[in-house]
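Colleague: Just so it is clear, I am handing over protein_13.cif, which has mmCIF, C-alpha atoms.
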data_query
#
loop_
_atom_site.label_atom_id
_atom_site.label_comp_id
_atom_site.auth_asym_id
_atom_site.auth_seq_id
_atom_site.Cartn_x
_atom_site.Cartn_y
_atom_site.Cartn_z
CA GLU B 1 0.00 0.00 0.00
CA ILE B 2 1.27 3.46 -0.85
CA VAL B 3 0.83 5.85 2.07
CA MET B 4 0.51 9.55 1.34
CA THR B 5 1.59 11.94 4.10
CA GLN B 6 0.74 15.61 3.99
CA SER B 7 2.32 18.39 6.01
CA PRO B 8 1.57 20.50 7.83
CA GLY B 9 -1.81 19.34 9.07
CA THR B 10 -2.93 22.93 9.49
CA LEU B 11 -1.39 26.04 8.05
CA SER B 12 -2.33 29.49 9.30
CA ALA B 13 -1.82 32.33 6.86
CA SER B 14 -3.11 35.74 5.90
CA PRO B 15 -4.63 36.92 2.64
CA GLY B 16 -1.91 37.89 0.21
CA GLU B 17 0.66 35.48 1.64
CA ARG B 18 2.40 32.69 -0.23
CA VAL B 19 2.00 29.20 1.22
CA THR B 20 3.66 25.87 0.52
CA LEU B 21 1.94 22.53 1.12
CA SER B 22 3.85 19.25 1.06
CA CYS B 23 2.89 15.72 0.13
CA ARG B 24 5.15 12.72 0.52
CA ALA B 25 4.60 9.22 -0.84
CA SER B 26 5.90 6.11 0.90
CA GLN B 27 7.25 4.90 -2.45
CA SER B 28 7.73 6.48 -5.83
CA VAL B 29 4.57 7.44 -7.69
CA GLY B 30 6.32 9.09 -10.62
CA ARG B 31 4.27 12.12 -11.54
CA ASN B 32 0.97 10.32 -10.99
CA LEU B 33 -0.27 12.72 -8.37
CA ALA B 34 -3.30 14.95 -8.07
CA TRP B 35 -4.31 17.72 -5.69
CA TYR B 36 -7.87 18.57 -4.65
CA GLN B 37 -9.37 21.58 -2.92
CA GLN B 38 -12.29 21.07 -0.52
CA ARG B 39 -14.21 23.99 0.89
CA PRO B 40 -16.46 23.49 3.93
CA GLY B 41 -19.66 21.65 3.09
CA GLN B 42 -18.60 20.99 -0.48
CA ALA B 43 -17.25 18.07 -2.46
CA PRO B 44 -13.57 18.07 -3.31
CA ARG B 45 -12.60 19.73 -6.56
CA LEU B 46 -9.76 18.64 -8.81
CA LEU B 47 -7.02 21.27 -8.69
CA ILE B 48 -3.86 19.70 -10.13
CA TYR B 49 -3.16 16.45 -12.01
CA GLY B 50 0.00 14.95 -13.38
CA ALA B 51 1.77 16.66 -10.47
CA SER B 52 1.78 20.06 -12.17
CA THR B 53 -1.12 20.53 -14.63
CA ARG B 54 -3.77 22.90 -13.37
CA ALA B 55 -7.38 21.82 -13.82
CA PRO B 56 -9.75 24.16 -15.67
CA GLY B 57 -11.06 27.02 -13.58
CA PHE B 58 -8.10 27.44 -11.26
CA PRO B 59 -5.91 30.52 -11.56
CA ALA B 60 -2.18 30.62 -12.06
CA ARG B 61 -1.51 31.41 -8.39
CA PHE B 62 -1.84 27.66 -7.82
CA SER B 63 1.15 25.60 -8.90
CA GLY B 64 2.19 22.02 -8.34
CA SER B 65 5.61 20.44 -8.62
CA GLY B 66 7.58 17.35 -7.73
CA SER B 67 8.03 13.75 -8.76
CA GLY B 68 8.84 10.43 -7.19
CA THR B 69 8.06 10.75 -3.51
CA GLU B 70 8.08 14.52 -2.85
CA PHE B 71 5.45 16.92 -4.09
CA THR B 72 4.60 20.54 -3.41
CA LEU B 73 1.56 22.73 -3.91
CA ILE B 74 2.24 26.46 -3.80
CA ILE B 75 -0.42 29.12 -3.56
CA THR B 76 0.90 32.60 -4.15
CA SER B 77 -1.04 35.59 -2.86
CA LEU B 78 -3.77 33.75 -0.90
CA GLN B 79 -7.28 34.89 -1.63
CA PRO B 80 -10.23 34.53 0.80
CA GLU B 81 -11.71 31.73 -1.31
CA ASP B 82 -8.47 29.71 -1.06
CA PHE B 83 -8.96 28.96 2.62
CA ALA B 84 -9.89 25.28 2.43
CA VAL B 85 -8.53 21.78 2.90
CA TYR B 86 -6.15 20.45 0.25
CA TYR B 87 -5.64 16.74 -0.41
CA CYS B 88 -3.06 14.96 -2.50
CA GLN B 89 -3.81 11.62 -4.17
CA GLN B 90 -1.59 9.10 -5.92
CA TYR B 91 -2.68 7.02 -8.89
CA ASN B 92 0.59 5.36 -9.83
CA ILE B 93 -0.62 1.84 -9.09
CA TRP B 94 -4.09 2.20 -10.61
CA PRO B 95 -6.16 0.02 -10.75
CA LEU B 96 -4.75 -1.70 -7.70
CA ALA B 97 -5.32 1.27 -5.44
CA LEU B 98 -5.92 4.99 -5.28
CA THR B 99 -4.88 6.66 -2.04
CA PHE B 100 -5.31 10.11 -0.59
CA GLY B 101 -3.25 12.03 1.89
CA GLY B 102 -4.75 13.18 5.18
CA GLY B 103 -5.12 16.77 4.00
CA THR B 104 -3.75 20.19 4.89
CA LYS B 105 -6.15 22.78 6.19
CA VAL B 106 -5.27 26.32 5.15
CA GLU B 107 -6.88 28.67 7.65
CA ILE B 108 -6.91 32.36 8.25
CA GLN R 1 -21.63 19.39 -18.82
CA VAL R 2 -21.57 16.13 -16.93
CA GLN R 3 -23.12 16.18 -13.46
CA LEU R 4 -23.41 13.47 -10.84
CA GLN R 5 -26.00 13.00 -8.11
CA GLU R 6 -25.91 10.41 -5.35
CA SER R 7 -28.94 8.78 -3.81
CA ALA R 8 -28.86 6.67 -0.66
CA PRO R 9 -31.13 5.67 2.25
CA GLY R 10 -29.49 7.97 4.79
CA LEU R 11 -29.71 5.52 7.68
CA VAL R 12 -28.79 1.83 7.70
CA LYS R 13 -28.70 -0.61 10.60
CA PRO R 14 -25.51 -2.46 11.51
CA SER R 15 -24.95 -5.76 9.67
CA GLN R 16 -27.36 -4.73 6.90
CA THR R 17 -26.54 -4.22 3.24
CA LEU R 18 -26.15 -0.70 1.92
CA SER R 19 -27.13 0.33 -1.59
CA LEU R 20 -26.15 3.62 -3.22
CA MET R 21 -26.84 4.92 -6.70
CA CYS R 22 -25.28 7.71 -8.74
CA THR R 23 -27.16 9.28 -11.63
CA VAL R 24 -25.12 10.74 -14.46
CA SER R 25 -26.61 13.65 -16.38
CA GLY R 26 -25.29 15.82 -19.19
CA GLY R 27 -23.28 12.97 -20.67
CA SER R 28 -23.23 9.23 -21.26
CA ILE R 29 -22.03 6.66 -18.78
CA ASP R 30 -21.03 4.58 -21.82
CA ASP R 31 -17.74 6.43 -22.12
CA SER R 32 -14.61 4.34 -22.56
CA THR R 33 -12.35 7.05 -21.14
CA SER R 34 -14.07 7.18 -17.75
CA TYR R 35 -14.26 5.07 -14.63
CA TRP R 36 -17.29 5.75 -12.49
CA SER R 37 -16.25 5.77 -8.87
CA TRP R 38 -17.22 5.92 -5.22
CA ILE R 39 -15.24 7.75 -2.55
CA ARG R 40 -16.16 8.28 1.08
CA GLN R 41 -15.16 10.70 3.79
CA ASP R 42 -15.47 10.12 7.51
CA PRO R 43 -17.04 13.19 9.13
CA GLY R 44 -14.25 15.68 9.66
CA LYS R 45 -11.64 13.33 8.26
CA GLY R 46 -9.95 12.35 5.03
CA LEU R 47 -10.94 10.69 1.79
CA GLU R 48 -11.03 6.97 1.00
CA TRP R 49 -11.41 5.50 -2.48
CA ILE R 50 -13.99 2.68 -2.47
CA GLY R 51 -14.04 1.46 -6.04
CA SER R 52 -14.43 2.26 -9.73
CA ILE R 53 -16.27 0.68 -12.65
CA HIS R 54 -15.68 0.99 -16.39
CA ASN R 55 -18.33 0.99 -19.11
CA THR R 56 -17.21 -2.55 -19.99
CA GLY R 57 -18.37 -3.64 -16.56
CA SER R 58 -14.88 -4.19 -15.19
CA ALA R 59 -14.77 -3.10 -11.55
CA TYR R 60 -11.82 -2.29 -9.30
CA TYR R 61 -12.06 -2.12 -5.53
CA ASN R 62 -10.13 -0.87 -2.55
CA PRO R 63 -8.41 -4.02 -1.29
CA SER R 64 -9.47 -3.28 2.29
CA LEU R 65 -13.15 -3.24 1.31
CA ARG R 66 -13.25 -5.64 -1.64
CA SER R 67 -14.87 -8.55 0.14
CA ARG R 68 -17.96 -6.45 0.93
CA LEU R 69 -18.44 -4.61 -2.34
CA ILE R 70 -20.26 -5.02 -5.62
CA MET R 71 -20.42 -2.27 -8.23
CA SER R 72 -22.60 -2.21 -11.32
CA LEU R 73 -23.70 0.20 -14.01
CA ASP R 74 -26.86 0.55 -16.05
CA LYS R 75 -26.40 2.11 -19.48
CA SER R 76 -30.14 2.27 -20.12
CA THR R 77 -30.72 4.57 -17.15
CA ASN R 78 -27.27 6.19 -17.13
CA ASN R 79 -26.48 5.37 -13.55
CA PHE R 80 -24.11 3.24 -11.52
CA SER R 81 -24.49 1.61 -8.15
CA LEU R 82 -22.61 0.36 -5.11
CA ILE R 83 -23.67 -2.42 -2.80
CA MET R 84 -21.80 -2.78 0.49
CA SER R 85 -22.62 -5.69 2.78
CA SER R 86 -22.22 -6.18 6.52
CA VAL R 87 -22.03 -2.48 7.34
CA SER R 88 -20.93 -1.21 10.73
CA ALA R 89 -20.60 2.16 12.44
CA ALA R 90 -17.18 2.46 10.80
CA ASP R 91 -18.97 2.84 7.46
CA THR R 92 -20.69 6.03 8.57
CA ALA R 93 -19.44 8.69 6.16
CA VAL R 94 -20.30 11.08 3.37
CA TYR R 95 -20.32 9.07 0.17
CA TYR R 96 -19.37 10.76 -3.09
CA CYS R 97 -19.67 9.48 -6.62
CA ALA R 98 -17.08 10.80 -9.02
CA ARG R 99 -15.67 10.37 -12.50
CA TRP R 100 -12.12 9.03 -12.63
CA ARG R 101 -9.91 9.45 -15.62
CA THR R 102 -6.69 7.49 -15.44
CA HIS R 103 -4.31 10.38 -16.06
CA ASP R 104 -6.55 13.29 -15.17
CA GLY R 105 -7.79 12.56 -11.66
CA PHE R 106 -11.30 12.61 -10.22
CA ASP R 107 -12.49 15.49 -12.34
CA ILE R 108 -16.22 15.51 -11.61
CA TRP R 109 -17.86 14.89 -8.22
CA GLY R 110 -21.38 14.61 -6.95
CA PRO R 111 -22.38 16.79 -3.98
CA GLY R 112 -22.17 13.81 -1.61
CA THR R 113 -24.67 12.06 0.62
CA LEU R 114 -24.36 11.33 4.33
CA LEU R 115 -24.87 7.72 5.27
CA THR R 116 -25.23 6.83 8.94
CA VAL R 117 -24.98 3.29 10.26
CA SER R 118 -26.84 3.05 13.54
CA ALA R 119 -29.34 0.82 15.27
#
Would you write out, as structure tokens, the structure that this file holds?
Modeller:
Amino acid sequence: EIVMTQSPGTLSASPGERVTLSCRASQSVGRNLAWYQQRPGQAPRLLIYGASTRAPGFPARFSGSGSGTEFTLIITSLQPEDFAVYYCQQYNIWPLALTFGGGTKVEI
Amino acid sequence: QVQLQESAPGLVKPSQTLSLMCTVSGGSIDDSTSYWSWIRQDPGKGLEWIGSIHNTGSAYYNPSLRSRLIMSLDKSTNNFSLIMSSVSAADTAVYYCARWRTHDGFDIWGPGTLLTVSA
């Protein structure tokens, strides 16, 4: 089983700040990694796939990078609507398993 | 634009069998590029993939849940379903249906439905 570990669990920031979220895989997943944004009371929304490709509808202040076991999501100039929980998910061993990280909450 | 909507009983008793359905609108479930999926989320916690089914009928399950799961899809009514047997309180969660594309992630999600397992 591939375990995905996200850090930090909670990140406190102010509007306009730049934040960095980390995701680590217990074994290499190549670039088969996605990020999701979940606002309170809503379903998750695909943000990044292929480690660095932004999904439609998300602005350029969101960027993903990394490969292998270490991945990063950067949000530059936080906007009020960006305060949410962010999850990473590996799909390197599809269809055997798809696994999510525990999430990082970005709070004001 | 494809949209998904879950339907479920809301409350199920322990040891019973749970049945959920997801209706696909705005597009066809008979799409060879998509895997129709279920994901759940414990209240206040993280996400767990349950399983996915292709339009060919091939289904793939989370190994930790496989023994209790059956997925199916109905092309005539454009929906897909999940049956989970022997439920317990540990299965209490919000259940989402979603579209999985092998290199593009879970790109479309339903709004989710809360399922509670309680006597």
Colleague: Going by the chain IDs and residue numbers used in this file, which residues fall under the PyMOL selection byres ((chain B) within 7 of (chain R))? Write them as a list in words.
Modeller: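 Applying the PyMOL selection byres ((chain B) within 7 of (chain R)) to the structure shown produces Ala34, Gln42, Ala43, Leu46, Tyr49, Gly50, Pro95, Ala97, Leu98, Thr99, Phe100, Gly102 and Gly103 of chain B.
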Colleague: Write the residues of the selection above to a file with C-alpha atoms, as a PDB file, in the frame of the given file.
Modeller:
ATOM      1  CA  ALA B  34      -3.300  14.950  -8.070  1.00  0.00           C
ATOM      2  CA  GLN B  42     -18.600  20.990  -0.480  1.00  0.00           C
ATOM      3  CA  ALA B  43     -17.250  18.070  -2.460  1.00  0.00           C
ATOM      4  CA  LEU B  46      -9.760  18.640  -8.810  1.00  0.00           C
ATOM      5  CA  TYR B  49      -3.160  16.450 -12.010  1.00  0.00           C
ATOM      6  CA  GLY B  50       0.000  14.950 -13.380  1.00  0.00           C
ATOM      7  CA  PRO B  95      -6.160   0.020 -10.750  1.00  0.00           C
ATOM      8  CA  ALA B  97      -5.320   1.270  -5.440  1.00  0.00           C
ATOM      9  CA  LEU B  98      -5.920   4.990  -5.280  1.00  0.00           C
ATOM     10  CA  THR B  99      -4.880   6.660  -2.040  1.00  0.00           C
ATOM     11  CA  PHE B 100      -5.310  10.110  -0.590  1.00  0.00           C
ATOM     12  CA  GLY B 102      -4.750  13.180   5.180  1.00  0.00           C
ATOM     13  CA  GLY B 103      -5.120  16.770   4.000  1.00  0.00           C
TER      14      GLY B 103
END
Colleague: Can you measure atom CA of B:Ser77 to atom CA of B:Asn32 for me? One decimal in Å is fine.
Modeller: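 Computing it gives 26.6 Å between the two atoms.
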Colleague: Residue by residue, what does the PyMOL selection byres ((chain B and resi 67) around 9) grab here? Present the result as a PyMOL selection string.
Modeller: chain B and resi 28-33+51+65-66+68-71
Colleague: Translate the PyMOL selection byres ((chain B and resi 39) around 9), as applied to the file shown, into an explicit residue set as a PyMOL selection string.
Modeller: chain B and resi 37-38+40-45+81-86
Colleague: Applying 8 Å and all atoms listed in the file, which residues near stretch 11-16 of chain B remain after dropping the ones on its own chain fewer than 6 positions away? List them as a PyMOL selection string.
Modeller: chain B and resi 76-80+104-108
Colleague: Output C-alpha atoms for every residue in the selection just made, as a PDB file, keeping the file's coordinate frame.
Modeller:
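That gives us part38.pdb:
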ATOM      1  CA  THR B  76       0.900  32.600  -4.150  1.00  0.00           C
ATOM      2  CA  SER B  77      -1.040  35.590  -2.860  1.00  0.00           C
ATOM      3  CA  LEU B  78      -3.770  33.750  -0.900  1.00  0.00           C
ATOM      4  CA  GLN B  79      -7.280  34.890  -1.630  1.00  0.00           C
ATOM      5  CA  PRO B  80     -10.230  34.530   0.800  1.00  0.00           C
ATOM      6  CA  THR B 104      -3.750  20.190   4.890  1.00  0.00           C
ATOM      7  CA  LYS B 105      -6.150  22.780   6.190  1.00  0.00           C
ATOM      8  CA  VAL B 106      -5.270  26.320   5.150  1.00  0.00           C
ATOM      9  CA  GLU B 107      -6.880  28.670   7.650  1.00  0.00           C
ATOM     10  CA  ILE B 108      -6.910  32.360   8.250  1.00  0.00           C
TER      11      ILE B 108
END
Colleague: When distances are computed from all atoms listed in the file, which of B:Gly64, B:Pro56, B:Cys88, B:Trp35 shows the smallest separation from B:Gln6?
Modeller: B:Cys88
Colleague: For R:Arg40, which residue out of R:Ala119, R:Arg101, R:Ala93, R:Thr113 is the nearest one, using all atoms listed in the file?
Modeller: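 Counting all atoms listed in the file, the residue closest to R:Arg40 is R:Ala93.
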Colleague: Could you give me, as a list of chain:residue names, the residues that have an atom at most 7 Å away from the point (1.7, 31.8, -5.1) in the coordinates of the file, using only C-alpha atoms?
Modeller: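 Those residues lying close to the given coordinates are B:Arg18, B:Val19, B:Arg61, B:Phe62, B:Ile74, B:Ile75, B:Thr76, B:Ser77.
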Colleague: I'd like to know which of R:Lys75, R:Ser28, R:His54, R:Ser81 is closest to R:Glu6, using only C-alpha atoms.
Modeller: R:Ser81
Colleague: So which one's closest to R:Ser19, R:Ser58, R:Ser7, R:Gln1, R:Ser34? Using only C-alpha atoms, please.
Modeller: R:Ser7
Colleague: If I take atom CA of R:Leu115 and atom CA of B:Trp94, how far is one from the other in Å, to one decimal?
Modeller: 26.7 Å
Colleague: Fewer than 5 positions away in the same chain doesn't count, so skip those; otherwise give me all residues within 10 Å of R:Met21, counting only C-alpha atoms, as a PyMOL selection string.
Modeller: chain R and resi 5-9+38+71-73+79-83+97
Colleague: Name the residues in contact with R:Ser85 at a cut-off of 8 Å, using all atoms listed in the file, excluding same-chain residues fewer than 6 positions from it; report them as a ChimeraX atom specification.
Modeller: /R:15-18,68-69
Colleague: Can you write just those residues out, C-alpha atoms, as an mmCIF file, keeping the file's coordinate frame?
Modeller:
data_model
loop_
_atom_site.group_PDB
_atom_site.id
_atom_site.type_symbol
_atom_site.label_atom_id
_atom_site.label_comp_id
_atom_site.auth_asym_id
_atom_site.auth_seq_id
_atom_site.Cartn_x
_atom_site.Cartn_y
_atom_site.Cartn_z
ATOM 1 C CA SER R 15 -24.950 -5.760 9.670
ATOM 2 C CA GLN R 16 -27.360 -4.730 6.900
ATOM 3 C CA THR R 17 -26.540 -4.220 3.240
ATOM 4 C CA LEU R 18 -26.150 -0.700 1.920
ATOM 5 C CA ARG R 68 -17.960 -6.450 0.930
ATOM 6 C CA LEU R 69 -18.440 -4.610 -2.340
#
Colleague: What is the distance between atom CA of B:Ser52 and atom CA of B:Thr72, in Å to one decimal?
Modeller: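 Distance reported for this atom pair: 9.2 Å.
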Colleague: Could you check which of R:Gly27, R:Pro43, R:Pro14, R:Gly57 is closest to R:Ser86, using only C-alpha atoms?
Modeller: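 Residue with the minimum atom-to-atom distance to R:Ser86: R:Pro14.
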